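Q: What follows is the file coords_11.cif, containing mmCIF, C-alpha atoms; chains and numbers go by the auth columns:
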```cif
data_model
#
loop_
_atom_site.group_PDB
_atom_site.id
_atom_site.type_symbol
_atom_site.label_atom_id
_atom_site.label_comp_id
_atom_site.label_asym_id
_atom_site.label_seq_id
_atom_site.Cartn_x
_atom_site.Cartn_y
_atom_site.Cartn_z
_atom_site.B_iso_or_equiv
_atom_site.auth_seq_id
_atom_site.auth_asym_id
ATOM 1 C CA MET A 1 144.414 88.340 123.727 0.00 1 A
ATOM 2 C CA SER A 2 140.912 89.106 122.508 0.00 2 A
ATOM 3 C CA ARG A 3 140.492 91.295 119.442 0.00 3 A
ATOM 4 C CA LEU A 4 137.455 93.364 118.537 0.00 4 A
ATOM 5 C CA ARG A 5 136.375 92.476 115.005 0.00 5 A
ATOM 6 C CA VAL A 6 133.729 93.717 112.611 0.00 6 A
ATOM 7 C CA GLN A 7 132.837 90.865 110.253 0.00 7 A
ATOM 8 C CA SER A 8 130.616 90.564 107.194 0.00 8 A
ATOM 9 C CA PHE A 9 129.299 94.100 107.601 0.00 9 A
ATOM 10 C CA SER A 10 127.581 94.975 104.335 0.00 10 A
ATOM 11 C CA ILE A 11 127.623 98.431 102.797 0.00 11 A
ATOM 12 C CA SER A 12 126.340 99.805 99.505 0.00 12 A
ATOM 13 C CA ILE A 13 128.494 101.184 96.714 0.00 13 A
ATOM 14 C CA ASP A 14 127.585 104.663 97.944 0.00 14 A
ATOM 15 C CA GLY A 15 128.682 103.822 101.476 0.00 15 A
ATOM 16 C CA PHE A 16 125.461 103.145 103.376 0.00 16 A
ATOM 17 C CA GLY A 17 125.305 100.423 106.007 0.00 17 A
ATOM 18 C CA ALA A 18 121.535 100.758 106.507 0.00 18 A
ATOM 19 C CA GLY A 19 118.583 102.370 104.816 0.00 19 A
ATOM 20 C CA GLN A 20 116.169 104.868 106.303 0.00 20 A
ATOM 21 C CA ASN A 21 113.199 104.157 108.571 0.00 21 A
ATOM 22 C CA GLN A 22 114.108 100.956 110.356 0.00 22 A
ATOM 23 C CA SER A 23 110.981 99.115 111.466 0.00 23 A
ATOM 24 C CA LEU A 24 109.646 95.657 112.193 0.00 24 A
ATOM 25 C CA GLU A 25 108.983 95.268 108.464 0.00 25 A
ATOM 26 C CA ASN A 26 112.376 96.739 107.456 0.00 26 A
ATOM 27 C CA PRO A 27 114.953 95.669 110.069 0.00 27 A
ATOM 28 C CA VAL A 28 117.856 97.355 108.223 0.00 28 A
ATOM 29 C CA GLY A 29 115.817 100.239 106.828 0.00 29 A
ATOM 30 C CA VAL A 30 114.034 100.634 103.512 0.00 30 A
ATOM 31 C CA GLY A 31 116.053 98.850 100.830 0.00 31 A
ATOM 32 C CA GLY A 32 118.673 97.705 103.319 0.00 32 A
ATOM 33 C CA ILE A 33 117.975 93.999 102.976 0.00 33 A
ATOM 34 C CA ALA A 34 119.585 94.100 99.505 0.00 34 A
ATOM 35 C CA LEU A 35 122.943 94.823 101.147 0.00 35 A
ATOM 36 C CA HIS A 36 123.028 91.274 102.490 0.00 36 A
ATOM 37 C CA ALA A 37 122.032 89.359 99.359 0.00 37 A
ATOM 38 C CA TRP A 38 125.607 88.048 99.033 0.00 38 A
ATOM 39 C CA LEU A 39 125.406 86.410 102.473 0.00 39 A
ATOM 40 C CA PHE A 40 122.024 84.664 102.407 0.00 40 A
ATOM 41 C CA PRO A 41 122.957 81.783 100.034 0.00 41 A
ATOM 42 C CA THR A 42 126.209 80.914 101.816 0.00 42 A
ATOM 43 C CA GLN A 43 126.646 77.687 103.703 0.00 43 A
ATOM 44 C CA THR A 44 127.495 79.590 106.902 0.00 44 A
ATOM 45 C CA PHE A 45 124.287 81.627 106.825 0.00 45 A
ATOM 46 C CA GLN A 46 122.145 78.637 105.874 0.00 46 A
ATOM 47 C CA ARG A 47 123.617 76.573 108.707 0.00 47 A
ATOM 48 C CA MET A 48 123.048 79.368 111.250 0.00 48 A
ATOM 49 C CA HIS A 49 119.517 80.306 110.208 0.00 49 A
ATOM 50 C CA GLY A 50 118.226 77.095 108.689 0.00 50 A
ATOM 51 C CA ASP A 51 118.070 73.556 110.014 0.00 51 A
ATOM 52 C CA GLY A 52 121.773 73.440 110.910 0.00 52 A
ATOM 53 C CA LYS A 53 122.705 71.163 108.028 0.00 53 A
ATOM 54 C CA ALA A 54 125.682 71.836 105.772 0.00 54 A
ATOM 55 C CA LYS A 55 123.910 73.213 102.721 0.00 55 A
ATOM 56 C CA GLY A 56 124.305 76.466 100.822 0.00 56 A
ATOM 57 C CA THR A 57 126.860 77.907 98.439 0.00 57 A
ATOM 58 C CA LEU A 58 130.616 77.648 98.699 0.00 58 A
ATOM 59 C CA GLY A 59 133.177 80.029 97.212 0.00 59 A
ATOM 60 C CA ILE A 60 134.709 83.346 98.231 0.00 60 A
ATOM 61 C CA ASP A 61 131.564 84.779 99.842 0.00 61 A
ATOM 62 C CA GLU A 62 131.266 81.647 101.969 0.00 62 A
ATOM 63 C CA GLN A 63 134.926 81.839 102.952 0.00 63 A
ATOM 64 C CA PHE A 64 134.468 85.338 104.334 0.00 64 A
ATOM 65 C CA ALA A 65 131.197 84.437 106.043 0.00 65 A
ATOM 66 C CA ALA A 66 132.880 81.468 107.726 0.00 66 A
ATOM 67 C CA ARG A 67 135.877 83.551 108.795 0.00 67 A
ATOM 68 C CA GLY A 68 133.479 85.901 110.508 0.00 68 A
ATOM 69 C CA MET A 69 132.321 83.168 112.884 0.00 69 A
ATOM 70 C CA ASP A 70 135.750 81.750 113.645 0.00 70 A
ATOM 71 C CA ASN A 71 137.076 82.156 117.208 0.00 71 A
ATOM 72 C CA ILE A 72 134.205 84.378 118.393 0.00 72 A
ATOM 73 C CA GLY A 73 133.525 84.221 122.139 0.00 73 A
ATOM 74 C CA ALA A 74 131.108 87.152 122.548 0.00 74 A
ATOM 75 C CA TRP A 75 129.257 89.811 120.547 0.00 75 A
ATOM 76 C CA ILE A 76 128.464 93.502 121.007 0.00 76 A
ATOM 77 C CA LEU A 77 125.351 94.969 119.365 0.00 77 A
ATOM 78 C CA GLY A 78 123.821 98.392 119.238 0.00 78 A
ATOM 79 C CA ARG A 79 120.240 98.506 120.433 0.00 79 A
ATOM 80 C CA ASN A 80 118.891 98.942 116.895 0.00 80 A
ATOM 81 C CA MET A 81 120.485 95.625 115.971 0.00 81 A
ATOM 82 C CA PHE A 82 118.476 93.947 118.738 0.00 82 A
ATOM 83 C CA GLY A 83 115.119 95.380 117.710 0.00 83 A
ATOM 84 C CA PRO A 84 113.022 98.339 116.520 0.00 84 A
ATOM 85 C CA ILE A 85 111.803 99.435 119.981 0.00 85 A
ATOM 86 C CA ARG A 86 112.908 102.889 121.108 0.00 86 A
ATOM 87 C CA GLY A 87 112.951 104.500 124.547 0.00 87 A
ATOM 88 C CA GLU A 88 111.996 102.627 127.699 0.00 88 A
ATOM 89 C CA TRP A 89 111.324 98.919 127.350 0.00 89 A
ATOM 90 C CA PRO A 90 107.532 98.662 127.564 0.00 90 A
ATOM 91 C CA ASN A 91 107.795 95.003 128.647 0.00 91 A
ATOM 92 C CA ASN A 92 110.021 91.983 128.122 0.00 92 A
ATOM 93 C CA ASP A 93 108.066 90.567 125.189 0.00 93 A
ATOM 94 C CA TRP A 94 110.562 91.548 122.486 0.00 94 A
ATOM 95 C CA LYS A 95 113.395 89.018 122.419 0.00 95 A
ATOM 96 C CA GLY A 96 115.183 89.974 119.204 0.00 96 A
ATOM 97 C CA TRP A 97 114.742 89.321 115.500 0.00 97 A
ATOM 98 C CA TRP A 98 115.817 85.691 115.602 0.00 98 A
ATOM 99 C CA GLY A 99 113.227 83.627 117.483 0.00 99 A
ATOM 100 C CA ASP A 100 113.834 81.453 120.524 0.00 100 A
ATOM 101 C CA ASN A 101 117.232 80.168 119.379 0.00 101 A
ATOM 102 C CA PRO A 102 119.323 83.123 118.114 0.00 102 A
ATOM 103 C CA PRO A 103 122.345 82.377 115.909 0.00 103 A
ATOM 104 C CA TYR A 104 124.964 83.700 118.367 0.00 104 A
ATOM 105 C CA HIS A 105 125.348 80.832 120.896 0.00 105 A
ATOM 106 C CA VAL A 106 127.615 83.009 123.063 0.00 106 A
ATOM 107 C CA PRO A 107 127.045 86.024 125.367 0.00 107 A
ATOM 108 C CA VAL A 108 125.778 89.129 123.545 0.00 108 A
ATOM 109 C CA PHE A 109 126.118 92.632 125.014 0.00 109 A
ATOM 110 C CA VAL A 110 123.483 95.100 123.806 0.00 110 A
ATOM 111 C CA LEU A 111 124.179 98.834 124.168 0.00 111 A
ATOM 112 C CA THR A 112 121.172 100.745 125.483 0.00 112 A
ATOM 113 C CA HIS A 113 120.266 103.730 127.646 0.00 113 A
ATOM 114 C CA HIS A 114 117.475 101.829 129.363 0.00 114 A
ATOM 115 C CA PRO A 115 118.049 98.988 131.858 0.00 115 A
ATOM 116 C CA ARG A 116 116.671 95.540 131.231 0.00 116 A
ATOM 117 C CA ALA A 117 117.278 92.197 132.918 0.00 117 A
ATOM 118 C CA ASP A 118 119.482 89.613 131.219 0.00 118 A
ATOM 119 C CA LEU A 119 117.637 87.554 128.635 0.00 119 A
ATOM 120 C CA VAL A 120 118.599 83.881 128.501 0.00 120 A
ATOM 121 C CA MET A 121 117.738 82.180 125.210 0.00 121 A
ATOM 122 C CA ALA A 122 118.063 78.668 123.807 0.00 122 A
ATOM 123 C CA GLY A 123 121.341 77.492 122.296 0.00 123 A
ATOM 124 C CA GLY A 124 123.707 79.282 124.675 0.00 124 A
ATOM 125 C CA THR A 125 122.821 82.890 123.815 0.00 125 A
ATOM 126 C CA THR A 126 122.325 85.326 126.695 0.00 126 A
ATOM 127 C CA PHE A 127 121.602 88.986 125.975 0.00 127 A
ATOM 128 C CA HIS A 128 123.102 91.396 128.511 0.00 128 A
ATOM 129 C CA PHE A 129 121.876 94.999 128.339 0.00 129 A
ATOM 130 C CA VAL A 130 124.663 97.513 128.985 0.00 130 A
ATOM 131 C CA THR A 131 123.736 101.050 130.031 0.00 131 A
ATOM 132 C CA ASP A 132 127.150 102.487 130.909 0.00 132 A
ATOM 133 C CA GLY A 133 128.815 102.868 127.531 0.00 133 A
ATOM 134 C CA ILE A 134 130.965 101.247 124.903 0.00 134 A
ATOM 135 C CA HIS A 135 134.053 100.758 127.076 0.00 135 A
ATOM 136 C CA ASN A 136 132.158 98.879 129.756 0.00 136 A
ATOM 137 C CA ALA A 137 130.479 96.736 127.117 0.00 137 A
ATOM 138 C CA MET A 138 133.893 95.982 125.653 0.00 138 A
ATOM 139 C CA GLN A 139 135.363 95.018 129.032 0.00 139 A
ATOM 140 C CA ARG A 140 132.453 92.732 129.819 0.00 140 A
ATOM 141 C CA ALA A 141 132.524 91.143 126.373 0.00 141 A
ATOM 142 C CA VAL A 142 136.268 90.482 126.543 0.00 142 A
ATOM 143 C CA ALA A 143 135.852 88.844 129.952 0.00 143 A
ATOM 144 C CA ALA A 144 132.982 86.709 128.673 0.00 144 A
ATOM 145 C CA ALA A 145 134.925 85.702 125.542 0.00 145 A
ATOM 146 C CA ARG A 146 137.596 84.001 127.670 0.00 146 A
ATOM 147 C CA GLY A 147 140.462 84.607 125.298 0.00 147 A
ATOM 148 C CA LYS A 148 138.482 84.391 122.071 0.00 148 A
ATOM 149 C CA ASP A 149 137.664 87.431 119.959 0.00 149 A
ATOM 150 C CA VAL A 150 134.685 89.752 120.319 0.00 150 A
ATOM 151 C CA ARG A 151 132.556 90.444 117.239 0.00 151 A
ATOM 152 C CA LEU A 152 131.016 93.890 116.877 0.00 152 A
ATOM 153 C CA GLY A 153 127.782 93.417 114.973 0.00 153 A
ATOM 154 C CA GLY A 154 126.771 97.046 114.424 0.00 154 A
ATOM 155 C CA GLY A 155 124.823 99.005 113.537 0.00 155 A
ATOM 156 C CA VAL A 156 126.461 101.973 111.847 0.00 156 A
ATOM 157 C CA ALA A 157 126.422 104.365 114.824 0.00 157 A
ATOM 158 C CA THR A 158 127.859 101.707 117.133 0.00 158 A
ATOM 159 C CA ILE A 159 130.712 100.887 114.743 0.00 159 A
ATOM 160 C CA GLN A 160 131.476 104.595 114.394 0.00 160 A
ATOM 161 C CA GLN A 161 131.755 104.973 118.158 0.00 161 A
ATOM 162 C CA TYR A 162 134.177 102.071 118.458 0.00 162 A
ATOM 163 C CA LEU A 163 136.182 103.271 115.440 0.00 163 A
ATOM 164 C CA ARG A 164 136.618 106.770 116.863 0.00 164 A
ATOM 165 C CA ALA A 165 137.722 105.247 120.151 0.00 165 A
ATOM 166 C CA GLY A 166 140.350 103.191 118.287 0.00 166 A
ATOM 167 C CA LEU A 167 139.022 99.945 119.747 0.00 167 A
ATOM 168 C CA ILE A 168 138.343 97.980 116.547 0.00 168 A
ATOM 169 C CA ASP A 169 141.304 95.800 115.578 0.00 169 A
ATOM 170 C CA GLU A 170 139.988 94.491 112.261 0.00 170 A
ATOM 171 C CA MET A 171 137.026 95.222 110.033 0.00 171 A
ATOM 172 C CA HIS A 172 135.707 93.130 107.146 0.00 172 A
ATOM 173 C CA LEU A 173 133.322 95.002 104.849 0.00 173 A
ATOM 174 C CA ALA A 174 131.279 93.408 102.088 0.00 174 A
ATOM 175 C CA ILE A 175 130.581 96.034 99.420 0.00 175 A
ATOM 176 C CA SER A 176 127.334 95.002 97.757 0.00 176 A
ATOM 177 C CA PRO A 177 126.561 96.027 94.159 0.00 177 A
ATOM 178 C CA VAL A 178 123.580 98.178 95.140 0.00 178 A
ATOM 179 C CA THR A 179 123.007 101.869 95.827 0.00 179 A
ATOM 180 C CA LEU A 180 120.708 103.182 98.542 0.00 180 A
ATOM 181 C CA GLY A 181 120.975 106.936 98.033 0.00 181 A
ATOM 182 C CA ARG A 182 120.141 107.700 101.643 0.00 182 A
ATOM 183 C CA GLY A 183 120.349 106.117 105.051 0.00 183 A
ATOM 184 C CA GLU A 184 123.291 105.700 107.442 0.00 184 A
ATOM 185 C CA ARG A 185 126.745 106.163 105.904 0.00 185 A
ATOM 186 C CA LEU A 186 129.359 104.096 107.677 0.00 186 A
ATOM 187 C CA PHE A 187 132.296 106.481 107.402 0.00 187 A
ATOM 188 C CA ASP A 188 130.606 109.861 107.842 0.00 188 A
ATOM 189 C CA GLY A 189 132.997 111.939 109.950 0.00 189 A
ATOM 190 C CA VAL A 190 135.437 109.036 110.359 0.00 190 A
ATOM 191 C CA ASP A 191 139.073 109.648 109.316 0.00 191 A
ATOM 192 C CA LEU A 192 140.399 106.119 108.834 0.00 192 A
ATOM 193 C CA PRO A 193 144.042 106.967 107.995 0.00 193 A
ATOM 194 C CA THR A 194 144.383 109.274 111.004 0.00 194 A
ATOM 195 C CA LEU A 195 142.871 106.576 113.204 0.00 195 A
ATOM 196 C CA GLY A 196 145.508 104.137 111.903 0.00 196 A
ATOM 197 C CA TYR A 197 143.385 101.878 109.703 0.00 197 A
ATOM 198 C CA ARG A 198 144.637 100.556 106.373 0.00 198 A
ATOM 199 C CA CYS A 199 143.394 98.089 103.801 0.00 199 A
ATOM 200 C CA VAL A 200 145.174 94.744 104.084 0.00 200 A
ATOM 201 C CA GLU A 201 142.997 92.605 101.806 0.00 201 A
ATOM 202 C CA HIS A 202 140.553 93.083 98.934 0.00 202 A
ATOM 203 C CA VAL A 203 138.905 90.229 97.059 0.00 203 A
ATOM 204 C CA ALA A 204 136.044 90.047 94.575 0.00 204 A
ATOM 205 C CA GLY A 205 133.439 87.530 95.677 0.00 205 A
ATOM 206 C CA GLU A 206 130.445 86.114 93.882 0.00 206 A
ATOM 207 C CA GLY A 207 127.984 88.641 95.323 0.00 207 A
ATOM 208 C CA ALA A 208 130.116 91.350 96.913 0.00 208 A
ATOM 209 C CA ALA A 209 133.603 92.832 97.004 0.00 209 A
ATOM 210 C CA HIS A 210 135.340 92.011 100.277 0.00 210 A
ATOM 211 C CA VAL A 211 137.651 94.513 101.943 0.00 211 A
ATOM 212 C CA VAL A 212 139.554 93.995 105.196 0.00 212 A
ATOM 213 C CA LEU A 213 140.827 96.984 107.183 0.00 213 A
ATOM 214 C CA ARG A 214 143.235 96.577 110.076 0.00 214 A
ATOM 215 C CA LYS A 215 144.486 98.980 112.703 0.00 215 A
ATOM 216 C CA ASP A 216 148.249 99.443 112.840 0.00 216 A
ATOM 217 C CA GLN A 217 149.435 97.987 116.107 0.00 217 A
ATOM 218 C CA HIS A 218 151.993 100.730 116.744 0.00 218 A
ATOM 219 C CA ASP A 219 149.317 103.462 116.734 0.00 219 A
#
```
What does this structure look like when you write it as structure tokens?
A:
Amino acid sequence: MSRLRVQSFSISIDGFGAGQNQSLENPVGVGGIALHAWLFPTQTFQRMHGDGKAKGTLGIDEQFAARGMDNIGAWILGRNMFGPIRGEWPNNDWKGWWGDNPPYHVPVFVLTHHPRADLVMAGGTTFHFVTDGIHNAMQRAVAAARGKDVRLGGGVATIQQYLRAGLIDEMHLAISPVTLGRGERLFDGVDLPTLGYRCVEHVAGEGAAHVVLRKDQHD
């Protein structure tokens, strides 16, 4: 059975998953890029975003990065994770942050209030734009995953919605040694114990502290 997983989601020491004022120049808000410094050197990231060769660092950070890609058959993204455009789609020119060959290589379901035709990209990635809510996106992603897990990529507001609905089975957070001071706090208004989530793993990596939360199955 497919699980919904949050993987390698970086937050600051003061709990922010993104900075303020997301834009083309600052995809994760002002200062937000520092949250992901632990991930960039890893072999998994370098293979996905580089020339595909096995280079990059090994170690604990790499182990968690690699786990995040294991057994993933589909992704769900909030619209802000797809791009900085707001409101109606002015045209079909924007195709994401990642160029012609995005790193997903599986179906990706983008939550939005504004319809847009499916976007087929190189390497097996197809973006589907879902206008009828998180549950429909989840159902479509599970069907597309064909028994593999679904990875929830974010951003903060999207993860909060799925948390409050009790749909996330497991969540890996990378706590980066930076402070942002302002932005989007991941757990604002989210009562994790009441929702049935508990910490099942915590490991210090080279560039971040890794924490895994899991939802009790009997809840």
Q: For the provided coordinates, the residues matched by the PyMOL selection byres ((chain A and resi 126) around 12) should be stated as an MDAnalysis selection string.
A: chainID A and resid 74:76 95:96 100:110 117:125 127:129 141 144
Q: Hey, could you pull the box centre and edge lengths for stretch 14-19 of chain A, axis-aligned, 4 Å padding per side, all listed atoms, to one decimal in Å, as lines of an AutoDock Vina configuration file?
A:
```
center_x = 123.6
center_y = 102.5
center_z = 102.2
size_x = 18.1
size_y = 12.2
size_z = 16.6
```
Q: Quick one: apply the PyMOL selection byres ((chain A and resi 177) around 10) to the file and drop the selected residues here as a list of chain:residue names.
A: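 Against this file, the PyMOL selection byres ((chain A and resi 177) around 10) returns the residues A:Ile11, A:Ser12, A:Ile13, A:Asp14, A:Ala34, A:Leu35, A:Ala37, A:Trp38, A:Ala174, A:Ile175, A:Ser176, A:Val178, A:Thr179, A:Gly207, A:Ala208, A:Ala209.
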Q: Go through A:Thr158, A:Gln139, A:Ser10, A:Thr131 one by one, measure the shortest atom-to-atom distance of each to A:Gly78 using all atoms listed in the file, and give the residue with the smallest value.
A: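 The answer is A:Thr158, which sits nearest to A:Gly78.
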Q: For a test of reading the model, state the distance in Å between atom CA of A:Phe9 and atom CA of A:Gly196, rounded to one decimal.
A: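 About the pair atom CA of A:Phe9 and atom CA of A:Gly196: they are 19.5 Å apart.
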Q: If we count all atoms listed in the file and set the cut-off at 6 Å, which residues sit around A:His210, ignoring sequence neighbours fewer than 3 positions away in its own chain? Please answer as JSON, numbers by chain.
A: {"A": [173, 174, 202, 203]}
Q: As a check of understanding, name the residues that the PyMOL selection byres ((chain A and resi 17) around 6) selects in the supplied structure, as number ranges by chain.
A: A: 11, 16, 18, 184-186
Q: Taking 6 positions as the minimum chain separation for residues in the same chain, which residues sit within 7 Å of A:Ser2 when counting all atoms listed in the file? Answer as an NGL selection string.
A: :A and (142 or 147-150)
